[in-house]
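I have placed the structure first, in the form of structure tokens, so that the comments after it can refer back to it.
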Amino acid sequence: MLIIKRISYFMTTMAKGIASNLYLNVVTIITIAVAFLILNIFFVIYRNVNAVLEGWQGRIKIIAYLQDGVSSQQVSAIEGQLKKYGNIKGVRFYSKQDALSEFRRELKGQAAILSGVSQNILPAYLVVMVRDRVIRNGTVGKLADSLRGIQGIADVQYGQGVTERFSEMLVMVKMLGIGIGGFILFAILIIVSNTIRMSIFSRKDEIEILKLVGATNMFIELPFLLEGVTQVLCGTGLSIALLYLVYRFFLYRLHHAFGSLIVNAHIVFLSGGTIGTILVAAAMLGFVGAFVSAGKFIRHND
Amino acid sequence: MLIIKRISYFMTTMAKGIASNLYLNVVTIITIAVAFLILNIFFVIYRNVNAVLEGWQGRIKIIAYLQDGVSSQQVSAIEGQLKKYGNIKGVRFYSKQDALSEFRRELKGQAAILSGVSQNILPAYLVVMVRDRVIRNGTVGKLADSLRGIQGIADVQYGQGVTERFSEMLVMVKMLGIGIGGFILFAILIIVSNTIRMSIFSRKDEIEILKLVGATNMFIELPFLLEGVTQVLCGTGLSIALLYLVYRFFLYRLHHAFGSLIVNAHIVFLSGGTIGTILVAAAMLGFVGAFVSAGKFIRHND
Amino acid sequence: MIQLFHVYKHYLKGSAALEDISLQVEKGEFAFITGPSGAGKSTLLKLMFLAEMPTKGQIIINGYNITRLKRSAVPFLRRNIGVVFQDFKLLYDRTVFDNVALSLSVIGMPKKEIKKKVWEMLKLVGLQHKLNFSPLRLSGGEQQRVSIARALVNEPAILLADEPTGNLDQDLTLDVMKLFEDVNIKGTTVVVATHDKSLISRYSRRVITLEHGRIMEKQ
Amino acid sequence: MIQLFHVYKHYLKGSAALEDISLQVEKGEFAFITGPSGAGKSTLLKLMFLAEMPTKGQIIINGYNITRLKRSAVPFLRRNIGVVFQDFKLLYDRTVFDNVALSLSVIGMPKKEIKKKVWEMLKLVGLQHKLNFSPLRLSGGEQQRVSIARALVNEPAILLADEPTGNLDQDLTLDVMKLFEDVNIKGTTVVVATHDKSLISRYSRRVITLEHGRIMEKQ
Ligand SMILES: Nc1ncnc2c1ncn2[C@@H]1O[C@H](COP(=O)(O)OP(=O)(O)OP(=O)(O)O)[C@@H](O)[C@H]1O
Ligand SMILES: Nc1ncnc2c1ncn2[C@@H]1O[C@H](COP(=O)(O)OP(=O)(O)OP(=O)(O)O)[C@@H](O)[C@H]1O
Ligand SMILES: [Mg+2]
Ligand SMILES: [Mg+2]
């Protein structure tokens with residue numbers, strides 16, 4: 001087939017095209033790199049905020065205070081009952097003694113106020129860890145209420161109000177994330193298709209002349225498609241390189257300085273697989289952008 | 001002067017230029033609008049994160065537990081002494097009775113554990129509100145230590161560790177804010193100067209011909225400068241309109257739904273003064289961008 | 001063979017450029033189209049290689065009715081037609097060599113063969129030493145000869161030349177006309193649009209005279 | 001008055017375009033520059049209106065030594081020189097009217113006056129009815145006449161015309177030459193580069209012949 005046989009022609013034509021429009025191409029590549037970099041930085045921020053929230057979420061639990069004087073058999077029975085709930089991840093028992101030491105630990109430093117607290121005044125309790133989906137659903141309250149009915153449980157606490165707020169906050173961050181991320185992606189698409197259009201536009205004489213000497217649309221288009229793909233690939237590659245620098249000299253250090261405070265998960269650089277996916281997606285983006293622009297100026301212009 | 005006399009010529013030439021490159025101009029304006037919008041959305045996020053942190057910061061205080069049996073005169077004396085500190089905003093006294101009701105309030109819902117707590121076991125204390133600069137400086141610990149020496153004060157608590165972290169976090173958010181904001185601004189500058197350059201580039205024949213018929217550089221440049229200013233103004237105007245839509249239909253609603261949770265300050269739309277400042281800055285940006293590009297293609301090309 | 005039956009051409013804005021043109025150029029014929037400025041010479045040539053579509057009438061080129069041709073077939077028809085444009089239509093960001101090679105590249109000719117053919121063609125128009133120049137660096141006449149070289153290099157069945165000697169001095173004009181006669185002898189149909197009366201009178205060929213978009217006389 | 005003293009022009013790439021040119025065209029003179037394609041005619045004209053700088057030698061136009069001229073003075077010198085370009089150099093996204101008005105706009109002439117002058121000028125070259133067309137919609141010869149109109153509309157002291165009749169038929173060529181003679185009689189210095197021997201022989205004017213960048217004979 002002609003296309004395959006002439007692959008070197010298309011490559012050199014593309015290269016010449018890039019060389020003859022070097023300034024435009026460099027600017028295009030930098031613009032794409034900058035846009036992708038913004039997207040990536042935003043992605044990192046989003047992931048970290050999300051990680052913080054998910055970390056908080058892990059701490060949401062239901063506390064079931066036991067009636068005074070329940071026997072250890074009764075406790076086991078209650079535990080067994082709770083473990084059958086699909087929405088409960090685990091249960092842990094705190095005896096009256098444990099409760100006091102926990103209380104001491106929480107109020108550490110304010111030793112003065114503890115002087116009058118003896119073992120007897122604190123009830124034993126169970127800490128019930130719930131599955132994430134319950135938190136995301138916002139049905140922690142429902143679950144807690146259902147525990148209230150169990151024989152031997154005196155009272156149920158679950159940080160009323162706060163859990164619902166966490167679910168709402170998670171949803172909100174996700175919405176904002178999708179909203180802003182999608183918006184930036186859209187901006188990149190506009191910029192990419194704009195610059196590729198400019199590139200084709202700046203060579204409309206060439207397109208006209210090629211048509212006049214009998215070139216098929218495919219023949220005219222291919223170097224532009226290659227150019228589009230090359231531009232976006234270079235831009236993306238550059239942005240990944242830049243991102244690595246940002247990561248290496250800024251985020252990475254930040255993490256070491258304040259890591260434990262802000263992020264639960266490590267801040268890690270993109271994995272090889274992710275980079276591969278990004279590059280393939282970028283190539284497709286370039287191709288589609290160039291194809292659409294080429295369609296406007298080449299195919300619909302006979 | 002020629003320039004003044006021919007103002008209508010420059011305006012119509014600019015209008016013709018925009019009309020003849022309508023596509024390029026529309027794309028330019030949209031690109032600028034999108035870039036500014038990203039900057040603005042980022043600005044809103046930054047302001048809110050900052051507001052949350054500042055809100056937290058307001059809650060940082062030093063608690064000075066008083067020795068048992070200090071008289072009310074002694075308390076007044078201590079209060080008087082503290083108020084002389086430049087770094088202390090205010091002092092509030094909590095008697096043993098107050099301390100118990102506060103404690104009850106804090107542990108509300110866990111009534112069970114309070115049954116054994118009587119008025120006697122809790123010490124009276126002073127809540128010392130510190131000035132913001134102390135928190136920003138990270139010198140809360142120092143201030144607390146200096147209070148320890150005062151006659152009548154038994155112990156001083158100030159949430160050790162947490163205050164330092166808040167200062168660090170504030171610095172970090174500010175750094176990230178400046179870094180990313182500056183980066184986006186830089187990206188906008190690249191995009192703006194790129195698009196204006198393209199606009200001039202696409203009319204280099206016109207520039208050449210104007211020179212050949214004896215036009216001065218000023219005469220050739222002015223319509224381009226006007227075009228650059230117009231482009232950026234339109235783009236910025238559009239972005240402010242878009243921002244208003246985002247604000248009206250997204251942020252504003254969000255605020256009403258979760259407001260109290262995320263932001264202390266209201267999310268308000270840009271003030272008239274801010275919009276004015278932005279437009280003036282945008283006009284200058286367009287002028288400078290066009291001027292630099294024009295310099296490259298018009299003045300340095302004799 | 002080129003046949004036109006009652007062809008009209010009205011441009012969107014402005015008056016009729018061609019009115020009721022019927023003519024036939026046989027395979028292997030050599031014909032001049034002449035007439036004053038604005039008579040419709042260029043328009044007539046543009047119709048013949050599908051740069052413009054007729055408003056009315058039928059045009060048949062090499063047996064194909066081009067008013068009914070599928071879009072995708074246009075490039076293949078054009079490969080049989082060499083065109084010298086009045087305004088040259090060269091690529092100023094390519095070399096002279098690349099410009100001439102264009103007609104061969106589009107049909108997928110191997111590089112080596114292209115090189116040989118282009119060099120020979122440039123030699124025929126006396127530009128082999130300006131091979132690697134951009135057309136920007138050439139004089140008006142040199143650019144016109146590049147345009148001629150590009151039109152002839154793929155040995156088309158039909159050659160359409162619009163004012164091909166407008167920028168050439170007398171000696172070069174004779175050279176170029178000799179070139180056209182040579183390809184004509186080898187079987188190429190040649191149609192030359194020109195306002196140069198002395199050129200026409202020097203060669204006793206068929207002359208189609210246009211005036212205000214109408215054919216005045218045939219000979 | 002145009003004076004050249006031992007002027008050389010070497011383009012960056014390629015051989016010398018002009019070598020050791022010394023000549024003088026008096027105020028109000030009418031001179032032809034001729035020579036084969038690539039001889040250096042266009043280059044010589046380009047030097048005269050500062051589109052190119054000489055590699056060596058001195059050029060004095062209207063008393064100004066242009067090799068020593070400040071950059072900012074160039075536009076003002078050019079306003080006294082009308083130029084007809086070999087490749088027309090028209091703005092294809094403006095109308096014919098706007099193209100011709102260009103030379104007047106740059107000197108800040110009031111709109112009303114521009115309108116009158118442009119209309120009169122277009123009438124002289126027979127294009128008053130194509131006022132609002134883009135040059136894209138004009139034939140080759142019509143474009144050339146727009147270029148001529150633009151060069152003459154501001155009544156320049158010097159007219160440089162590069163192959164101004166290459167796309168014109170005989171009648172129009174005579175019209176344009178009549179126009180040039182008229183402005184010449186009114187005092188304008190006219191220099192016409194052409195390869196058209198018949199044109200030169202019809203008018204008994206001074207002829208400067210170039211060959212390979214050198215002056216061959218003066219008369
Ligand atoms: N694209 C166009 N749109 C509108 N009118 C056009 C267009 N092209 C040509 N014309 C008009 O059609 C008429 C014929 O033009 P054409 O170019 O065929 O003339 P020509 O015989 O080649 O003249 P010349 O010798 O000056 O080149 C002219 O009046 C011209 O103005
Ligand atoms: N910008 C340039 N760079 C390099 N060489 C050039 C340039 N312009 C012209 N030349 C060369 O200089 C020589 C003289 O060119 P010029 O355009 O002056 O010729 P001319 O006499 O006008 O020819 P024609 O009648 O074909 O227009 C030619 O060989 C040409 O290739
Ligand atoms: Mg024509
Ligand atoms: Mg020339």
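Order determines the names: the first chain of the structure tokens is A, the second B, and so forth; residues in each chain are numbered 1 upward, and ligands are numbered 1 upward as they are shown.
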Next on the checklist: Taking only C-alpha atoms and all ligand atoms and a cut-off of 6 Å, can you tell me which residues surround ligand 2, written as a list in words?
Outcome noted: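 So the residues close to ligand 2 are Leu136, Arg137, Leu138, Ser139, Gly140, Gly141, Glu142 and Asn167 of chain C; Tyr11, Lys13, Gly14, Ala17, Pro36, Ser37, Gly38, Ala39, Gly40, Lys41, Ser42 and Thr43 of chain D.
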Item to check | Backbone-only DSSP, strand (DSSP E) members of chain D, as an MDAnalysis selection string | outcome: chainID D and resid 2:10 16:25 30:34 56:61 64:65 81:84 158:162 189:193 206:211 214:217
Next on the checklist: From the options C:Val84, C:Val125, C:Leu172, C:Leu12, which residue's atoms come nearest to His195 (chain D), counting only C-alpha atoms?
Outcome noted: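 The shortest atom-to-atom distance to His195 (chain D) comes from C:Leu172.
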Next on the checklist: With DSSP run on the backbone, what are the helix (DSSP H, G or I) residues within region 14-186 of chain C? I'd like them as an NGL selection string.
Outcome noted: :C and (41-48 or 66-68 or 71-78 or 96-105 or 111-124 or 128-130 or 135-137 or 140-152 or 170-185)
Checklist entry - What residues in chain D lie within 9 Å of chain B, counting only C-alpha atoms, written as JSON, numbers by chain? => result {"D": [49, 50, 51, 71, 72, 73, 74, 75, 76, 77, 78, 79, 80, 81, 82, 83, 89, 90, 91, 93, 94, 102, 103, 104, 105, 106, 107, 108, 109, 110, 111, 150, 151]}
Emit the selected residues as a short mmCIF file (atom, residue, chain, number, x, y, z; two decimals), in the first residue's frame, including C-alpha atoms.
```cif
data_model
loop_
_atom_site.label_atom_id
_atom_site.label_comp_id
_atom_site.auth_asym_id
_atom_site.auth_seq_id
_atom_site.Cartn_x
_atom_site.Cartn_y
_atom_site.Cartn_z
CA PHE D 49 13.78 51.72 -2.17
CA LEU D 50 15.71 50.15 0.66
CA ALA D 51 14.13 46.70 0.56
CA ARG D 71 16.31 53.39 10.53
CA SER D 72 13.54 55.67 11.64
CA ALA D 73 13.97 57.83 8.52
CA VAL D 74 13.37 54.96 6.10
CA PRO D 75 9.53 55.22 6.07
CA PHE D 76 9.68 58.91 5.22
CA LEU D 77 12.02 58.33 2.30
CA ARG D 78 9.78 55.53 1.02
CA ARG D 79 6.78 57.84 0.93
CA ASN D 80 8.43 59.64 -1.97
CA ILE D 81 8.88 56.41 -3.91
CA GLY D 82 6.07 54.49 -5.55
CA VAL D 83 6.83 50.87 -6.31
CA LYS D 89 2.40 42.33 -3.02
CA LEU D 90 -1.28 43.01 -2.48
CA LEU D 91 -3.22 42.41 0.72
CA ASP D 93 -7.81 40.20 2.95
CA ARG D 94 -8.49 43.81 2.07
CA LEU D 102 -2.74 52.17 1.88
CA SER D 103 -0.12 54.61 0.60
CA LEU D 104 -2.37 57.51 1.57
CA SER D 105 -3.45 56.14 4.94
CA VAL D 106 0.12 55.88 6.14
CA ILE D 107 0.69 59.61 5.63
CA GLY D 108 -2.51 60.42 7.55
CA MET D 109 -4.56 61.86 4.71
CA PRO D 110 -8.21 62.56 5.66
CA LYS D 111 -10.68 59.86 4.63
CA ARG D 150 -1.17 51.95 -5.36
CA ALA D 151 2.27 53.05 -6.54
#
```
As a PDB file with C-alpha atoms, in the first residue's frame, please: the residues near Ala157 (chain D) (cut-off 10 Å, only C-alpha atoms, same-chain neighbours under 5 positions excluded).
```pdb
ATOM      1  CA  MET D   1      17.733  61.946  -8.368  1.00  0.00           C
ATOM      2  CA  LYS D  27      15.291  63.976 -11.642  1.00  0.00           C
ATOM      3  CA  GLY D  28      12.449  63.675 -14.155  1.00  0.00           C
ATOM      4  CA  ASN D  62      16.972  62.570  -3.413  1.00  0.00           C
ATOM      5  CA  ARG D  79       6.783  57.842   0.925  1.00  0.00           C
ATOM      6  CA  ASN D  80       8.427  59.637  -1.975  1.00  0.00           C
ATOM      7  CA  ILE D  81       8.884  56.406  -3.914  1.00  0.00           C
ATOM      8  CA  GLY D  82       6.070  54.491  -5.554  1.00  0.00           C
ATOM      9  CA  LEU D 152       0.963  56.163  -8.263  1.00  0.00           C
ATOM     10  CA  VAL D 183       3.449  61.238 -14.407  1.00  0.00           C
ATOM     11  CA  ASN D 184       6.922  61.556 -15.935  1.00  0.00           C
ATOM     12  CA  LYS D 186       4.609  66.063 -14.359  1.00  0.00           C
ATOM     13  CA  GLY D 187       8.129  65.604 -12.994  1.00  0.00           C
ATOM     14  CA  THR D 188       8.245  62.103 -11.573  1.00  0.00           C
ATOM     15  CA  THR D 189      11.419  60.119 -12.134  1.00  0.00           C
ATOM     16  CA  VAL D 190      10.402  56.774 -13.662  1.00  0.00           C
TER      17      VAL D 190
END
```
Checklist entry - Nearest to chain C among D:Gly57, D:Pro156, D:Gly63, D:Gly35, with distances taken over only C-alpha atoms: which residue is it? => result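 Under the stated criterion, the closest residue is D:Gly35.
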Give me the chain D side of the contact with ligand 1, cut-off 12 Å, one line per residue showing its nearest atom pair and distance in Å at one decimal, counting only C-alpha atoms and all ligand atoms, sorted by chain and residue number, as JSON lines.
```
{"residue": "D:Tyr92", "atom": "CA", "partner": "ligand 1", "partner_atom_place_in_ligand_line": "1 (N)", "distance": 11.5}
{"residue": "D:Val96", "atom": "CA", "partner": "ligand 1", "partner_atom_place_in_ligand_line": "31 (O)", "distance": 11.2}
{"residue": "D:Gly126", "atom": "CA", "partner": "ligand 1", "partner_atom_place_in_ligand_line": "29 (O)", "distance": 11.5}
{"residue": "D:Leu127", "atom": "CA", "partner": "ligand 1", "partner_atom_place_in_ligand_line": "31 (O)", "distance": 9.5}
{"residue": "D:Gln128", "atom": "CA", "partner": "ligand 1", "partner_atom_place_in_ligand_line": "31 (O)", "distance": 11.9}
{"residue": "D:His129", "atom": "CA", "partner": "ligand 1", "partner_atom_place_in_ligand_line": "31 (O)", "distance": 10.0}
{"residue": "D:Lys130", "atom": "CA", "partner": "ligand 1", "partner_atom_place_in_ligand_line": "31 (O)", "distance": 7.6}
{"residue": "D:Leu131", "atom": "CA", "partner": "ligand 1", "partner_atom_place_in_ligand_line": "31 (O)", "distance": 11.0}
{"residue": "D:Asn132", "atom": "CA", "partner": "ligand 1", "partner_atom_place_in_ligand_line": "4 (C)", "distance": 11.1}
{"residue": "D:Phe133", "atom": "CA", "partner": "ligand 1", "partner_atom_place_in_ligand_line": "4 (C)", "distance": 7.8}
{"residue": "D:Ser134", "atom": "CA", "partner": "ligand 1", "partner_atom_place_in_ligand_line": "3 (N)", "distance": 8.3}
{"residue": "D:Pro135", "atom": "CA", "partner": "ligand 1", "partner_atom_place_in_ligand_line": "31 (O)", "distance": 8.4}
{"residue": "D:Leu136", "atom": "CA", "partner": "ligand 1", "partner_atom_place_in_ligand_line": "1 (N)", "distance": 5.9}
{"residue": "D:Arg137", "atom": "CA", "partner": "ligand 1", "partner_atom_place_in_ligand_line": "2 (C)", "distance": 3.4}
{"residue": "D:Leu138", "atom": "CA", "partner": "ligand 1", "partner_atom_place_in_ligand_line": "31 (O)", "distance": 3.7}
{"residue": "D:Ser139", "atom": "CA", "partner": "ligand 1", "partner_atom_place_in_ligand_line": "17 (O)", "distance": 3.4}
{"residue": "D:Gly140", "atom": "CA", "partner": "ligand 1", "partner_atom_place_in_ligand_line": "27 (O)", "distance": 3.7}
{"residue": "D:Gly141", "atom": "CA", "partner": "ligand 1", "partner_atom_place_in_ligand_line": "26 (O)", "distance": 3.1}
{"residue": "D:Glu142", "atom": "CA", "partner": "ligand 1", "partner_atom_place_in_ligand_line": "26 (O)", "distance": 5.3}
{"residue": "D:Gln143", "atom": "CA", "partner": "ligand 1", "partner_atom_place_in_ligand_line": "26 (O)", "distance": 7.5}
{"residue": "D:Gln144", "atom": "CA", "partner": "ligand 1", "partner_atom_place_in_ligand_line": "26 (O)", "distance": 8.1}
{"residue": "D:Arg145", "atom": "CA", "partner": "ligand 1", "partner_atom_place_in_ligand_line": "26 (O)", "distance": 9.2}
{"residue": "D:Val146", "atom": "CA", "partner": "ligand 1", "partner_atom_place_in_ligand_line": "26 (O)", "distance": 11.4}
{"residue": "D:Thr165", "atom": "CA", "partner": "ligand 1", "partner_atom_place_in_ligand_line": "26 (O)", "distance": 10.3}
{"residue": "D:Gly166", "atom": "CA", "partner": "ligand 1", "partner_atom_place_in_ligand_line": "25 (O)", "distance": 9.6}
{"residue": "D:Asn167", "atom": "CA", "partner": "ligand 1", "partner_atom_place_in_ligand_line": "25 (O)", "distance": 5.9}
{"residue": "D:Leu168", "atom": "CA", "partner": "ligand 1", "partner_atom_place_in_ligand_line": "25 (O)", "distance": 6.1}
{"residue": "D:Asp169", "atom": "CA", "partner": "ligand 1", "partner_atom_place_in_ligand_line": "25 (O)", "distance": 6.8}
{"residue": "D:Gln170", "atom": "CA", "partner": "ligand 1", "partner_atom_place_in_ligand_line": "25 (O)", "distance": 10.6}
{"residue": "D:Asp171", "atom": "CA", "partner": "ligand 1", "partner_atom_place_in_ligand_line": "25 (O)", "distance": 11.6}
{"residue": "D:Leu172", "atom": "CA", "partner": "ligand 1", "partner_atom_place_in_ligand_line": "26 (O)", "distance": 9.8}
{"residue": "D:Thr173", "atom": "CA", "partner": "ligand 1", "partner_atom_place_in_ligand_line": "26 (O)", "distance": 11.4}
```
Item to check | Counting only C-alpha atoms, the residue of C:Arg214, C:Lys116, C:Lys46, C:Lys56 that sits nearest chain D | outcome: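 Smallest distance to chain D is found for C:Lys46.
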Checklist entry - Taking into account only C-alpha atoms and all ligand atoms, which residue in the set D:Asn154, D:Thr67, D:Ser201, D:Thr34 is nearest to ligand 4? => result D:Thr34
Checklist entry - Hey, can you check how far CA of Thr194 (chain D) sits from CA of Phe97 (chain C)? => result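 Taking CA of Thr194 (chain D) as the start and CA of Phe97 (chain C) as the end point, the length is 27.4 Å.
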Next on the checklist: Could you tell me how far CA of Ala64 (chain B) sits from CA of Ala154 (chain B), in Å to one decimal place?
Outcome noted: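 Interatomic distance, CA of Ala154 (chain B) to CA of Ala64 (chain B): 7.4 Å.
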